[in-house]
Structures are given as structure tokens and as C-alpha cells.
file my_file_3.txt (compact mmCIF, C-alpha atoms (C1' of nucleotides))
# COMPACT_ATOMS: atom_id res chain seq x y z
CA MET A 1 -4.44 9.64 18.21
CA CYS A 2 -4.62 11.49 14.96
CA GLY A 3 -2.24 9.60 12.74
CA SER A 4 -2.72 11.69 9.63
CA THR A 5 0.63 12.72 8.28
CA MET A 6 0.93 14.16 4.81
CA GLU A 7 2.37 10.96 3.35
CA ASN A 8 -0.45 9.11 5.00
CA ILE A 9 -3.05 11.28 3.32
CA THR A 10 -1.34 11.14 -0.04
CA GLU A 11 -1.27 7.38 0.21
CA LYS A 12 -4.99 7.31 0.97
CA ILE A 13 -5.74 9.47 -2.03
CA ILE A 14 -3.71 7.21 -4.26
CA ILE A 15 -5.51 4.11 -3.05
CA GLU A 16 -8.97 5.60 -3.47
CA PHE A 17 -8.43 7.33 -6.77
CA ALA A 18 -6.68 4.31 -8.24
CA LYS A 19 -9.89 2.35 -7.74
CA THR A 20 -11.70 4.79 -9.99
CA ILE A 21 -9.00 4.61 -12.62
CA GLU A 22 -9.18 0.83 -12.59
CA MET A 23 -12.80 1.07 -13.63
CA PHE A 24 -11.64 2.46 -16.95
CA GLY A 25 -9.99 -0.84 -17.66
CA LEU A 26 -6.47 -0.21 -16.41
CA THR A 27 -4.64 -2.78 -14.35
CA PRO A 28 -4.05 -2.02 -10.66
CA ALA A 29 -0.38 -1.38 -11.39
CA GLU A 30 -1.14 1.05 -14.19
CA ALA A 31 -3.79 2.82 -12.17
CA ARG A 32 -1.51 3.26 -9.20
CA LEU A 33 1.25 4.58 -11.38
CA PHE A 34 -1.02 7.04 -13.13
CA VAL A 35 -2.32 8.45 -9.86
CA HIS A 36 1.18 8.78 -8.51
CA LEU A 37 2.23 10.76 -11.56
CA TYR A 38 -0.92 12.83 -11.40
CA LEU A 39 -0.15 13.95 -7.85
CA GLN A 40 3.45 14.79 -8.63
CA GLU A 41 4.47 18.34 -9.32
CA ASP A 42 7.16 17.52 -11.84
CA PRO A 43 7.62 14.85 -14.50
CA GLN A 44 9.32 11.73 -13.21
CA THR A 45 11.90 9.27 -14.44
CA LEU A 46 11.52 5.51 -14.42
CA ASP A 47 13.92 5.26 -11.51
CA GLU A 48 12.00 7.77 -9.45
CA MET A 49 8.76 5.95 -10.06
CA ALA A 50 10.30 2.59 -9.20
CA GLU A 51 11.67 4.06 -5.99
CA ALA A 52 8.41 5.78 -5.07
CA LEU A 53 6.17 2.76 -5.71
CA GLY A 54 8.66 0.17 -4.46
CA LYS A 55 8.59 -1.76 -7.72
CA SER A 56 11.20 -2.75 -10.26
CA LYS A 57 12.20 -0.51 -13.11
CA THR A 58 11.01 -3.17 -15.54
CA SER A 59 7.52 -2.91 -14.15
CA MET A 60 7.56 0.83 -14.54
CA SER A 61 8.73 0.50 -18.11
CA THR A 62 5.88 -1.77 -19.17
CA SER A 63 3.23 0.14 -17.27
CA ILE A 64 4.41 3.47 -18.61
CA ARG A 65 4.46 2.13 -22.14
CA SER A 66 0.88 1.02 -21.82
CA LEU A 67 -0.25 4.33 -20.32
CA SER A 68 1.66 6.17 -22.97
CA GLU A 69 0.08 4.28 -25.86
CA SER A 70 -3.32 5.09 -24.42
CA ASN A 71 -2.40 8.78 -24.22
CA LEU A 72 -3.01 8.89 -20.52
CA VAL A 73 0.54 10.06 -19.79
CA ASN A 74 2.93 12.12 -21.88
CA ARG A 75 6.63 11.89 -22.39
CA VAL A 76 8.25 15.26 -21.89
CA TRP A 77 11.73 16.57 -22.56
CA GLN A 78 13.79 18.73 -20.30
CA LYS A 79 17.01 20.20 -21.52
CA GLY A 80 20.01 18.57 -19.93
CA VAL A 81 18.08 15.53 -18.68
CA ARG A 82 18.96 12.28 -20.40
CA LYS A 83 16.41 10.05 -18.74
CA ASP A 84 12.91 9.82 -20.10
CA LEU A 85 10.45 11.94 -18.19
CA TYR A 86 6.73 11.27 -17.92
CA GLU A 87 3.83 13.28 -16.65
CA ALA A 88 0.15 12.49 -16.29
CA ASN A 89 -2.39 14.27 -18.43
CA THR A 90 -4.05 16.68 -16.06
CA GLN A 91 -7.42 17.08 -17.76
CA LEU A 92 -8.88 14.02 -16.13
CA TYR A 93 -12.33 13.97 -17.62
CA LYS A 94 -11.37 14.73 -21.17
CA THR A 95 -8.43 12.35 -21.09
CA PHE A 96 -10.26 9.37 -19.68
CA MET A 97 -13.50 9.85 -21.53
CA HIS A 98 -11.71 10.01 -24.82
CA TYR A 99 -9.72 6.95 -23.94
CA TYR A 100 -12.72 5.03 -22.75
CA VAL A 101 -15.12 5.96 -25.50
CA ASN A 102 -12.56 5.16 -28.15
CA LYS A 103 -11.92 1.80 -26.61
CA TRP A 104 -15.61 0.99 -26.67
CA LEU A 105 -16.19 2.27 -30.17
CA GLU A 106 -13.27 0.36 -31.62
CA ALA A 107 -14.19 -2.87 -29.92
CA SER A 108 -17.87 -2.60 -30.67
CA SER A 109 -17.33 -1.73 -34.30
CA LEU A 110 -14.92 -4.60 -34.76
CA GLN A 111 -17.32 -7.09 -33.22
CA LYS A 112 -20.24 -5.74 -35.15
CA ASP A 113 -18.31 -6.37 -38.35
CA ALA A 114 -17.55 -9.91 -37.31
CA LEU A 115 -21.21 -10.50 -36.52
CA GLU A 116 -22.30 -9.12 -39.86
CA ASP A 117 -19.96 -11.56 -41.56
CA ILE A 118 -21.59 -14.36 -39.65
CA GLN A 119 -24.95 -12.99 -40.64
CA LYS A 120 -24.09 -13.38 -44.31
CA GLU A 121 -22.93 -16.90 -43.67
CA LEU A 122 -26.20 -17.63 -41.93
CA GLN A 123 -28.40 -16.44 -44.78
CA ILE A 124 -27.66 -19.70 -46.58
CA PHE A 125 -29.81 -21.51 -44.03
CA GLN A 126 -32.72 -19.08 -44.39
CA THR A 127 -35.48 -21.59 -43.89
CA ASP A 128 -35.75 -22.99 -40.40
CA THR A 129 -33.32 -20.72 -38.62
CA SER A 130 -35.44 -17.66 -38.17
CA THR A 131 -35.01 -17.43 -34.40
CA LEU A 132 -31.23 -17.57 -34.51
CA ALA A 133 -31.22 -14.99 -37.28
CA ASP A 134 -33.54 -12.83 -35.21
CA HIS A 135 -31.25 -13.01 -32.23
CA LEU A 136 -28.32 -12.11 -34.42
CA ASN A 137 -30.19 -9.06 -35.64
CA GLU A 138 -30.90 -8.04 -32.10
CA ILE A 139 -27.26 -8.42 -31.16
CA ILE A 140 -26.17 -6.26 -34.08
CA ASP A 141 -28.76 -3.67 -33.13
CA PHE A 142 -27.38 -3.78 -29.63
CA HIS A 143 -23.97 -2.86 -30.99
CA LYS A 144 -25.45 0.03 -32.93
CA GLN A 145 -27.08 1.35 -29.80
CA ILE A 146 -23.85 1.02 -27.87
CA GLU A 147 -21.96 2.96 -30.51
CA SER A 148 -24.58 5.66 -30.56
CA SER A 149 -24.60 6.01 -26.79
CA PHE A 150 -20.86 6.12 -26.34
CA ARG A 151 -20.34 8.50 -29.21
CA HIS A 152 -22.69 10.75 -27.34
CA LEU A 153 -20.51 10.65 -24.24
CA ASN A 154 -17.76 12.52 -26.01
CA ASN A 155 -19.85 15.56 -26.89
CA ASP A 156 -19.76 17.59 -23.71
CA MET B 1 -14.90 -26.52 -48.38
CA CYS B 2 -17.72 -24.65 -46.77
CA GLY B 3 -17.55 -25.88 -43.20
CA SER B 4 -20.39 -23.81 -41.82
CA THR B 5 -22.75 -26.05 -39.94
CA MET B 6 -25.38 -24.56 -37.69
CA GLU B 7 -23.53 -25.48 -34.50
CA ASN B 8 -20.48 -23.94 -36.05
CA ILE B 9 -22.24 -20.65 -36.64
CA THR B 10 -23.85 -20.63 -33.23
CA GLU B 11 -20.46 -21.17 -31.69
CA LYS B 12 -19.04 -18.26 -33.65
CA ILE B 13 -21.82 -16.01 -32.49
CA ILE B 14 -21.23 -17.01 -28.90
CA ILE B 15 -17.53 -16.29 -29.14
CA GLU B 16 -17.99 -12.89 -30.76
CA PHE B 17 -20.88 -11.69 -28.67
CA ALA B 18 -19.24 -12.86 -25.46
CA LYS B 19 -16.42 -10.42 -26.15
CA THR B 20 -18.88 -7.57 -26.10
CA ILE B 21 -20.45 -8.79 -22.90
CA GLU B 22 -17.05 -9.02 -21.26
CA MET B 23 -16.60 -5.31 -21.85
CA PHE B 24 -19.39 -4.69 -19.37
CA GLY B 25 -17.18 -6.16 -16.68
CA LEU B 26 -18.31 -9.78 -16.69
CA THR B 27 -15.79 -12.60 -16.53
CA PRO B 28 -15.30 -14.70 -19.67
CA ALA B 29 -17.20 -17.55 -18.05
CA GLU B 30 -20.14 -15.36 -17.12
CA ALA B 31 -20.20 -13.76 -20.55
CA ARG B 32 -20.20 -17.09 -22.32
CA LEU B 33 -22.95 -18.42 -20.14
CA PHE B 34 -25.10 -15.36 -20.67
CA VAL B 35 -24.79 -15.57 -24.44
CA HIS B 36 -25.58 -19.25 -24.38
CA LEU B 37 -28.75 -18.59 -22.42
CA TYR B 38 -29.62 -15.67 -24.65
CA LEU B 39 -29.53 -17.85 -27.75
CA GLN B 40 -31.61 -20.61 -26.18
CA GLU B 41 -35.30 -20.83 -26.84
CA ASP B 42 -36.27 -22.16 -23.45
CA PRO B 43 -35.01 -21.63 -19.90
CA GLN B 44 -32.27 -24.03 -18.89
CA THR B 45 -31.28 -26.00 -15.83
CA LEU B 46 -27.83 -26.01 -14.27
CA ASP B 47 -27.22 -29.50 -15.62
CA GLU B 48 -28.14 -28.50 -19.15
CA MET B 49 -25.81 -25.51 -19.02
CA ALA B 50 -22.98 -27.58 -17.62
CA GLU B 51 -23.49 -30.12 -20.36
CA ALA B 52 -23.71 -27.48 -23.10
CA LEU B 53 -20.66 -25.50 -21.99
CA GLY B 54 -18.60 -28.50 -20.92
CA LYS B 55 -18.08 -27.16 -17.41
CA SER B 56 -18.89 -28.41 -13.95
CA LYS B 57 -22.20 -27.79 -12.25
CA THR B 58 -20.36 -25.85 -9.57
CA SER B 59 -19.11 -23.40 -12.15
CA MET B 60 -22.60 -22.88 -13.49
CA SER B 61 -23.94 -22.35 -10.01
CA THR B 62 -21.51 -19.57 -9.19
CA SER B 63 -21.75 -17.90 -12.58
CA ILE B 64 -25.53 -18.02 -12.57
CA ARG B 65 -25.67 -16.60 -9.09
CA SER B 66 -23.53 -13.69 -10.16
CA LEU B 67 -25.57 -13.04 -13.30
CA SER B 68 -28.73 -13.35 -11.29
CA GLU B 69 -27.67 -10.83 -8.66
CA SER B 70 -26.87 -8.39 -11.46
CA ASN B 71 -30.32 -8.91 -12.95
CA LEU B 72 -28.90 -10.08 -16.24
CA VAL B 73 -30.70 -13.42 -16.05
CA ASN B 74 -33.96 -14.39 -14.40
CA ARG B 75 -35.02 -17.45 -12.53
CA VAL B 76 -38.30 -18.78 -13.86
CA TRP B 77 -40.71 -21.40 -12.64
CA GLN B 78 -42.39 -24.06 -14.67
CA LYS B 79 -45.05 -26.23 -13.15
CA GLY B 80 -43.89 -29.76 -12.66
CA VAL B 81 -40.22 -28.93 -12.98
CA ARG B 82 -38.20 -29.24 -9.78
CA LYS B 83 -34.89 -27.94 -11.02
CA ASP B 84 -34.15 -24.24 -11.10
CA LEU B 85 -34.62 -22.73 -14.54
CA TYR B 86 -32.86 -19.64 -15.81
CA GLU B 87 -33.33 -17.45 -18.84
CA ALA B 88 -31.44 -14.44 -20.13
CA ASN B 89 -33.04 -11.02 -20.14
CA THR B 90 -33.81 -10.39 -23.77
CA GLN B 91 -33.80 -6.60 -23.83
CA LEU B 92 -30.09 -6.35 -24.29
CA TYR B 93 -29.57 -2.63 -24.34
CA LYS B 94 -31.83 -1.79 -21.45
CA THR B 95 -30.56 -4.67 -19.35
CA PHE B 96 -26.89 -4.00 -19.79
CA MET B 97 -27.00 -0.25 -19.70
CA HIS B 98 -28.88 -0.31 -16.44
CA TYR B 99 -26.44 -2.78 -15.03
CA TYR B 100 -23.43 -0.88 -16.22
CA VAL B 101 -24.55 2.60 -15.31
CA ASN B 102 -25.55 1.45 -11.85
CA LYS B 103 -22.21 -0.16 -11.32
CA TRP B 104 -20.44 3.05 -12.27
CA LEU B 105 -22.67 5.29 -10.23
CA GLU B 106 -22.37 3.18 -7.12
CA ALA B 107 -18.62 2.88 -7.35
CA SER B 108 -18.05 6.51 -8.23
CA SER B 109 -20.31 7.78 -5.49
CA LEU B 110 -18.65 5.55 -2.92
CA GLN B 111 -15.21 6.73 -3.90
CA LYS B 112 -16.26 10.35 -4.03
CA ASP B 113 -17.44 10.02 -0.44
CA ALA B 114 -14.15 8.51 0.60
CA LEU B 115 -12.28 11.33 -1.10
CA GLU B 116 -14.41 13.96 0.57
CA ASP B 117 -13.56 12.42 3.92
CA ILE B 118 -9.90 12.71 3.07
CA GLN B 119 -10.52 16.29 2.02
CA LYS B 120 -11.77 17.15 5.49
CA GLU B 121 -8.76 15.47 7.00
CA LEU B 122 -6.54 17.50 4.74
CA GLN B 123 -7.98 20.88 5.70
CA ILE B 124 -5.99 20.72 8.93
CA PHE B 125 -2.84 21.29 6.91
CA GLN B 126 -4.30 24.26 5.03
CA THR B 127 -1.11 26.25 4.76
CA ASP B 128 1.51 24.77 2.49
CA THR B 129 -0.49 21.99 0.91
CA SER B 130 -2.43 23.96 -1.64
CA THR B 131 -1.37 21.90 -4.63
CA LEU B 132 -2.38 18.59 -3.12
CA ALA B 133 -5.68 20.07 -2.08
CA ASP B 134 -6.15 21.40 -5.59
CA HIS B 135 -5.57 18.01 -7.08
CA LEU B 136 -8.01 16.50 -4.63
CA ASN B 137 -10.61 19.02 -5.72
CA GLU B 138 -10.02 18.14 -9.33
CA ILE B 139 -10.39 14.46 -8.59
CA ILE B 140 -13.67 15.03 -6.82
CA ASP B 141 -14.87 17.16 -9.72
CA PHE B 142 -13.90 14.33 -12.00
CA HIS B 143 -16.19 12.03 -10.08
CA LYS B 144 -19.03 14.51 -10.37
CA GLN B 145 -18.58 14.66 -14.11
CA ILE B 146 -18.50 10.89 -14.34
CA GLU B 147 -21.73 10.62 -12.40
CA SER B 148 -23.37 13.23 -14.55
CA SER B 149 -22.31 11.56 -17.78
CA PHE B 150 -23.31 8.07 -16.82
CA ARG B 151 -26.61 9.15 -15.39
CA HIS B 152 -27.24 10.61 -18.80
CA LEU B 153 -26.66 7.24 -20.45
CA ASN B 154 -29.79 5.81 -18.85
CA ASN B 155 -32.18 8.34 -20.32
CA ASP B 156 -32.80 6.98 -23.80
C1' DT C 1 -39.31 -41.50 8.60
C1' DT C 2 -36.03 -42.83 5.01
C1' DT C 3 -34.46 -42.21 0.36
C1' DT C 4 -33.62 -39.25 -3.80
C1' DT C 5 -32.85 -35.35 -6.07
C1' DT C 6 -30.96 -30.74 -6.42
C1' DG C 7 -28.07 -26.76 -5.10
C1' DT C 8 -24.15 -24.89 -2.55
C1' DT C 9 -19.79 -24.77 0.19
C1' DC C 10 -15.06 -25.87 0.69
C1' DA C 11 -10.30 -27.56 -0.14
C1' DG C 12 -7.13 -28.68 -3.60
C1' DT C 13 -5.56 -28.27 -8.30
C1' DT C 14 -4.88 -26.10 -12.52
C1' DT C 15 -4.46 -22.09 -15.17
C1' DG C 16 -3.27 -17.48 -16.15
C1' DT C 17 -1.08 -12.67 -14.59
C1' DT C 18 2.17 -9.87 -12.67
C1' DC C 19 6.62 -9.08 -10.94
C1' DT C 20 11.63 -9.37 -10.73
C1' DG C 21 16.61 -10.16 -12.24
C1' DT C 22 19.59 -10.92 -15.94
C1' DA C 23 20.81 -10.17 -20.52
C1' DT C 24 20.50 -7.35 -24.65
C1' DG C 25 20.28 -3.13 -27.36
C1' DA C 26 20.56 1.85 -28.07
C1' DA C 27 22.26 6.36 -27.22
C1' DG C 28 25.29 9.73 -25.07
C1' DA C 29 30.07 10.66 -22.95
C1' DT C 30 35.12 10.27 -23.02
C1' DA D 1 36.20 3.24 -30.74
C1' DT D 2 35.36 2.32 -25.87
C1' DC D 3 32.91 2.99 -21.84
C1' DT D 4 28.69 4.46 -19.40
C1' DT D 5 24.01 5.09 -18.75
C1' DC D 6 19.57 4.14 -19.69
C1' DA D 7 15.37 1.43 -21.56
C1' DT D 8 13.43 -2.97 -23.14
C1' DA D 9 12.92 -8.34 -23.87
C1' DC D 10 12.88 -12.57 -21.92
C1' DA D 11 12.39 -16.45 -18.64
C1' DG D 12 11.49 -18.03 -14.32
C1' DA D 13 9.26 -17.17 -9.61
C1' DA D 14 5.48 -15.43 -6.89
C1' DC D 15 0.90 -14.43 -6.81
C1' DA D 16 -4.07 -14.52 -7.83
C1' DA D 17 -8.20 -16.35 -10.30
C1' DA D 18 -11.02 -20.10 -12.11
C1' DC D 19 -12.40 -24.77 -12.12
C1' DT D 20 -13.44 -29.33 -10.22
C1' DG D 21 -14.93 -33.20 -7.12
C1' DA D 22 -16.37 -34.58 -2.79
C1' DA D 23 -18.89 -33.62 1.15
C1' DC D 24 -22.83 -31.10 2.96
C1' DA D 25 -27.60 -29.03 3.30
C1' DA D 26 -32.31 -28.52 1.84
C1' DA D 27 -36.35 -29.99 -0.07
C1' DA D 28 -39.33 -33.20 -2.38
C1' DA D 29 -40.85 -38.16 -3.15
C1' DA D 30 -41.63 -42.63 -1.30
call {"tool": "encode", "arguments": {"input": "my_file_3.txt", "output": "C-alpha cells"}}
result
Amino acid sequence: MCGSTMENITEKIIIEFAKTIEMFGLTPAEARLFVHLYLQEDPQTLDEMAEALGKSKTSMSTSIRSLSESNLVNRVWQKGVRKDLYEANTQLYKTFMHYYVNKWLEASSLQKDALEDIQKELQIFQTDTSTLADHLNEIIDFHKQIESSFRHLNND
Amino acid sequence: MCGSTMENITEKIIIEFAKTIEMFGLTPAEARLFVHLYLQEDPQTLDEMAEALGKSKTSMSTSIRSLSESNLVNRVWQKGVRKDLYEANTQLYKTFMHYYVNKWLEASSLQKDALEDIQKELQIFQTDTSTLADHLNEIIDFHKQIESSFRHLNND
DNA sequence: TTTTTTGTTCAGTTTGTTCTGTATGAAGAT
DNA sequence: ATCTTCATACAGAACAAACTGAACAAAAAA
């Protein structure tokens, strides 16, 4: 028996693609919501999403907010419609690479700064602490290499 | 008061650096353990790690196994020592980039395959399903771009 | 062989996340 | 202004992940 209805197939796509999206650091709920929106023709309201995914409106609200702040979905206006409408950004690669690279760069830069502060603190103990200081240098170098590599990812 | 003892500083380094390591997809426990090993001069036993991190030996065992399977730490032998000894790989960038890129490539490739299977299934409905099929194509393209980009990350 | 030492497996507990329903606030309609 | 319709905040419930201790297995020492 060939049990492949359209809904069936759509569901399969959502499940598979959501796994990929999760790898970018989104929660399962966010990933699932994004994929749902991505496959929709038209922008959706919170109620429609809640209905479609079988979750509460509150869940949709928090997930959408998160996706929205990360610029993975957009809020759109339609004349005559009072409810908020959201649509997924359709340029997958550009959208997610920007999001991802920025996340890495911000985090790495922040942590590098923190480590450099520690480095200054450590210089007081110059004498017998060479190996720890060496490791710290290597860690900071590591961050520099990370930043360089990820910056590179955005230039395609 | 300048409360910066050596242990104090080491602890700070561990906390900061562990955050970076977590971004590669390791759990907080794994990240912390890796950084601890990285800062140690000599390879450590499970008991030493448990003592140092204030966790149970069971925790160390599972974390170490995970790190070991990902090739982030190595098991080393010392003559006369019965206990297992582990040390962190010291080439941070190479170690983690390999690990990370491989993880992405494997996952992406797997999911691309799954999506291509679905694509075949979908071709039965050729007629009125063009938009869904289009989206599916775009998703598969997305995976190809991901693979291309991440493969590129390893060639430095 | 028996006895120790070391590592792992498993069940139970603790901890942390995610979800939902109610209550609140904000904006349009009457 | 009052009433509706929507979105968000909050607190408790349901769920999942991480940790531990005790029992088990494997390997060396006696």
C-alpha cells in the first residue's frame, strides 16, 4: 500500500528539514515553526500556526518572537487584516548563514575580550605560570582563527 | 582587594573557554571537562577528573567516552599505570574544526538523502503540486550550499 | 583460584526546559 | 467611554536531560 498523501509528504518534509534548521541552534519548536511557515504560500497568523501545529497560541507567540528577533521570519502587513502576519524568509542560505555567522562572531568576540581581561590579570604572576599563560595565548589565538573562518563564510 | 589567586584565574579561564566549546555542540559538562584536561600538564585518570570537577566517576566516564568518540581527547598509556589516562588534543583549531565540519557534513548529507527520497515520492503528484516541489528543490539546494561552505572550512 | 582494583550499566532522583491556561495589557470597533 | 479582539507575562504542570550510587563485569595482583 502506497500511503503517501500530500499531507503525509508535507509532514515528512517538515520533520526532515526541521532537523537541519535545529543544527543552526534553534529549538525543535522554533525549527518546526519556521519550516511550516516556509512551506506556506501566504503569511500566517498566530492562530493559524497554533491550529496547524497543534500547539497553544502562547507557544507560537514566544517562538515567533525569537525567530523574528533573529531575522529568520518577517512580520508583514496586509490591509484590512488586524492580526499579526508572519512569513519565513525565503532565501534560505543567505538568511541562515548570516544568522549563524553573526551568532558565532558575537559570541567569539565577547569571549575573546573576557579572556584578554584575564590575560592582563595573569601577567601579575609572570614568573612560574608560563604554561598557563601559554595555554591562554593559544585559546585566544583559537578565537581569532574562529572569527577569521566564520567571517569568510559570509563572503559568497 | 585583589582577589585573584591562581586557582581563581584558572577557574575563570575554564568558565569562559567552556562557553566557546559549547558552541561546537558539546554539553556544558563535556565542555568543562575538555577545558580542564586542556589546561592540565599531564594526562588524568577518571578519579582525578571526578575529584577536580566535583562530579561522580560515572559522569566522567560518560563524558570522556563522548569526547573520545569525537576525537577531542585521546587515551594514552603510561607504563606502570593501570588506570585509563586521558589528555586533550592540543591543536584546538584543527581538532574542533574537523569535528564540527564532519558533524555538519554527515548530518546535512543524511538529510539531503532523505529529502531526495521524498522528492521521488512527490513526483507522482506532478500536476498541481508545483510550489511544494519548488520549495523542496530549494531546500535540497540549501543543503548543497551548506555542504560546499563547510567543506571549505576545512581547507586552511 | 580468590581478592582487588577499575570501568561501565542501570534505576532512581534531581534539575532544567517547554508547554499550557489564566490573567493582564494594548489597540481597534461601536 | 465601553466592549471586543488580539498579543504577551506569569505560574504551575508535563516532559526531558543530567547526575549519582549501587550492582555488575573485566582485568590485574596475590
call {"tool": "closest_atom_pairs", "arguments": {"input": "my_file_3.txt", "of": "chain D", "to": "chain A", "cutoff": "9 Å", "atoms": "only C-alpha atoms (C1' of nucleotides)", "output": "CSV"}}
result
residue,atom,partner,partner_atom,distance
D:DT5,C1',A:Arg82,CA,8.9
D:DC6,C1',A:Lys83,CA,6.8
D:DA7,C1',A:Ser61,CA,7.5
D:DT8,C1',A:Ser61,CA,7.7
call {"tool": "write_last_selection", "arguments": {"input": "my_file_3.txt", "atoms": "C-alpha atoms (C1' of nucleotides)", "output": "compact mmCIF listing (two decimals), in the coordinates of the input"}}
result
# COMPACT_ATOMS: atom_id res chain seq x y z
C1' DT D 5 24.01 5.09 -18.75
C1' DC D 6 19.57 4.14 -19.69
C1' DA D 7 15.37 1.43 -21.56
C1' DT D 8 13.43 -2.97 -23.14
call {"tool": "closest_atom_pairs", "arguments": {"input": "my_file_3.txt", "of": "chain C", "to": "chain A", "cutoff": "9 Å", "atoms": "only C-alpha atoms (C1' of nucleotides)", "output": "tab-separated table"}}
result
residue	atom	partner	partner_atom	distance
C:DT18	C1'	A:Ser59	CA	8.9
C:DC19	C1'	A:Ser59	CA	7.0
C:DT20	C1'	A:Ser56	CA	6.7
C:DG28	C1'	A:Arg82	CA	8.3
call {"tool": "residues_near_point", "arguments": {"input": "my_file_3.txt", "point": "(-31.6, -31.2, 0.2)", "cutoff": "12 Å", "atoms": "all atoms listed in the file", "output": "ChimeraX atom specification"}}
result
/C:3-8 /D:24-28
call {"tool": "atom_distance", "arguments": {"input": "my_file_3.txt", "atom1": "CA of Leu67 in chain B", "atom2": "C1' of DC19 in chain D"}}
result
17.7 Å
call {"tool": "residues_near_point", "arguments": {"input": "my_file_3.txt", "point": "(-27.9, -19.2, -25.0)", "cutoff": "10 Å", "atoms": "all atoms listed in the file", "output": "short mmCIF file (atom, residue, chain, number, x, y, z; two decimals) with C-alpha atoms, keeping the file's coordinate frame"}}
result
data_model
loop_
_atom_site.label_atom_id
_atom_site.label_comp_id
_atom_site.auth_asym_id
_atom_site.auth_seq_id
_atom_site.Cartn_x
_atom_site.Cartn_y
_atom_site.Cartn_z
CA THR B 10 -23.85 -20.63 -33.23
CA ILE B 14 -21.23 -17.01 -28.90
CA ARG B 32 -20.20 -17.09 -22.32
CA LEU B 33 -22.95 -18.42 -20.14
CA PHE B 34 -25.10 -15.36 -20.67
CA VAL B 35 -24.79 -15.57 -24.44
CA HIS B 36 -25.58 -19.25 -24.38
CA LEU B 37 -28.75 -18.59 -22.42
CA TYR B 38 -29.62 -15.67 -24.65
CA LEU B 39 -29.53 -17.85 -27.75
CA GLN B 40 -31.61 -20.61 -26.18
CA GLU B 41 -35.30 -20.83 -26.84
CA ASP B 42 -36.27 -22.16 -23.45
CA PRO B 43 -35.01 -21.63 -19.90
CA GLN B 44 -32.27 -24.03 -18.89
CA MET B 49 -25.81 -25.51 -19.02
CA ALA B 52 -23.71 -27.48 -23.10
CA GLU B 87 -33.33 -17.45 -18.84
CA ALA B 88 -31.44 -14.44 -20.13
#
call {"tool": "axis_aligned_box", "arguments": {"input": "my_file_3.txt", "around": "range 11-28 of chain C", "padding_each_side": "4 Å", "output": "JSON"}}
result
{"center_x": 7.5, "center_y": -9.5, "center_z": -14.1, "size_x": 43.6, "size_y": 46.4, "size_z": 35.9}
call {"tool": "atom_distance", "arguments": {"input": "my_file_3.txt", "atom1": "CA of His98 in chain B", "atom2": "CA of Asn155 in chain B"}}
result
10.0 Å
call {"tool": "residues_around", "arguments": {"input": "my_file_3.txt", "residues": "DG12 in chain C", "least_positions_apart": "4", "cutoff": "12 Å", "atoms": "all atoms listed in the file", "output": "ChimeraX atom specification"}}
result
/D:19-22
call {"tool": "atom_distance", "arguments": {"input": "my_file_3.txt", "atom1": "CA of Glu147 in chain B", "atom2": "CA of Glu30 in chain B"}}
result
26.5 Å
call {"tool": "residues_around", "arguments": {"input": "my_file_3.txt", "residues": "Asn102 in chain A", "least_positions_apart": "6", "cutoff": "12 Å", "atoms": "all atoms listed in the file", "output": "PyMOL selection string"}}
result
chain A and resi 24+70-71+94-96+108-109+147+150-154
call {"tool": "write_last_selection", "arguments": {"input": "my_file_3.txt", "atoms": "C-alpha atoms", "output": "mmCIF file, in the coordinates of the input"}}
result
data_model
loop_
_atom_site.group_PDB
_atom_site.id
_atom_site.type_symbol
_atom_site.label_atom_id
_atom_site.label_comp_id
_atom_site.auth_asym_id
_atom_site.auth_seq_id
_atom_site.Cartn_x
_atom_site.Cartn_y
_atom_site.Cartn_z
ATOM 1 C CA PHE A 24 -11.640 2.460 -16.950
ATOM 2 C CA SER A 70 -3.320 5.090 -24.420
ATOM 3 C CA ASN A 71 -2.400 8.780 -24.220
ATOM 4 C CA LYS A 94 -11.370 14.730 -21.170
ATOM 5 C CA THR A 95 -8.430 12.350 -21.090
ATOM 6 C CA PHE A 96 -10.260 9.370 -19.680
ATOM 7 C CA SER A 108 -17.870 -2.600 -30.670
ATOM 8 C CA SER A 109 -17.330 -1.730 -34.300
ATOM 9 C CA GLU A 147 -21.960 2.960 -30.510
ATOM 10 C CA PHE A 150 -20.860 6.120 -26.340
ATOM 11 C CA ARG A 151 -20.340 8.500 -29.210
ATOM 12 C CA HIS A 152 -22.690 10.750 -27.340
ATOM 13 C CA LEU A 153 -20.510 10.650 -24.240
ATOM 14 C CA ASN A 154 -17.760 12.520 -26.010
#
call {"tool": "closest_residue", "arguments": {"input": "my_file_3.txt", "among": "A:Asn8, A:Ser66, A:Ser148, A:Gln78", "to": "Thr45 in chain A", "atoms": "only C-alpha atoms"}}
result
A:Gln78
call {"tool": "closest_residue", "arguments": {"input": "my_file_3.txt", "among": "A:Glu11, A:Glu116, A:Glu16, A:Glu69", "to": "chain B", "atoms": "all atoms listed in the file"}}
result
A:Glu16
call {"tool": "closest_residue", "arguments": {"input": "my_file_3.txt", "among": "A:Glu7, A:Asp47, A:Glu121, A:Glu106", "to": "chain B", "atoms": "all atoms listed in the file"}}
result
A:Glu121
call {"tool": "closest_residue", "arguments": {"input": "my_file_3.txt", "among": "A:Leu92, A:Ala133, A:Gln126, A:Ser63", "to": "chain B", "atoms": "all atoms listed in the file"}}
result
A:Leu92
call {"tool": "residues_around", "arguments": {"input": "my_file_3.txt", "residues": "Ala31 in chain B", "least_positions_apart": "4", "cutoff": "6 Å", "atoms": "only C-alpha atoms (C1' of nucleotides)", "output": "number ranges by chain"}}
result
B: 18, 21-22, 26
call {"tool": "residues_around", "arguments": {"input": "my_file_3.txt", "residues": "Gln111 in chain B", "least_positions_apart": "4", "cutoff": "8 Å", "atoms": "only C-alpha atoms (C1' of nucleotides)", "output": "PyMOL selection string"}}
result
(chain A and resi 16-17+19-20) or (chain B and resi 107+115)
call {"tool": "write_last_selection", "arguments": {"input": "my_file_3.txt", "atoms": "C-alpha atoms", "output": "PDB file, in the frame of the given file"}}
result
ATOM      1  CA  GLU A  16      -8.970   5.600  -3.470  1.00  0.00           C
ATOM      2  CA  PHE A  17      -8.430   7.330  -6.770  1.00  0.00           C
ATOM      3  CA  LYS A  19      -9.890   2.350  -7.740  1.00  0.00           C
ATOM      4  CA  THR A  20     -11.700   4.790  -9.990  1.00  0.00           C
TER       5      THR A  20
ATOM      6  CA  ALA B 107     -18.620   2.880  -7.350  1.00  0.00           C
ATOM      7  CA  LEU B 115     -12.280  11.330  -1.100  1.00  0.00           C
TER       8      LEU B 115
END
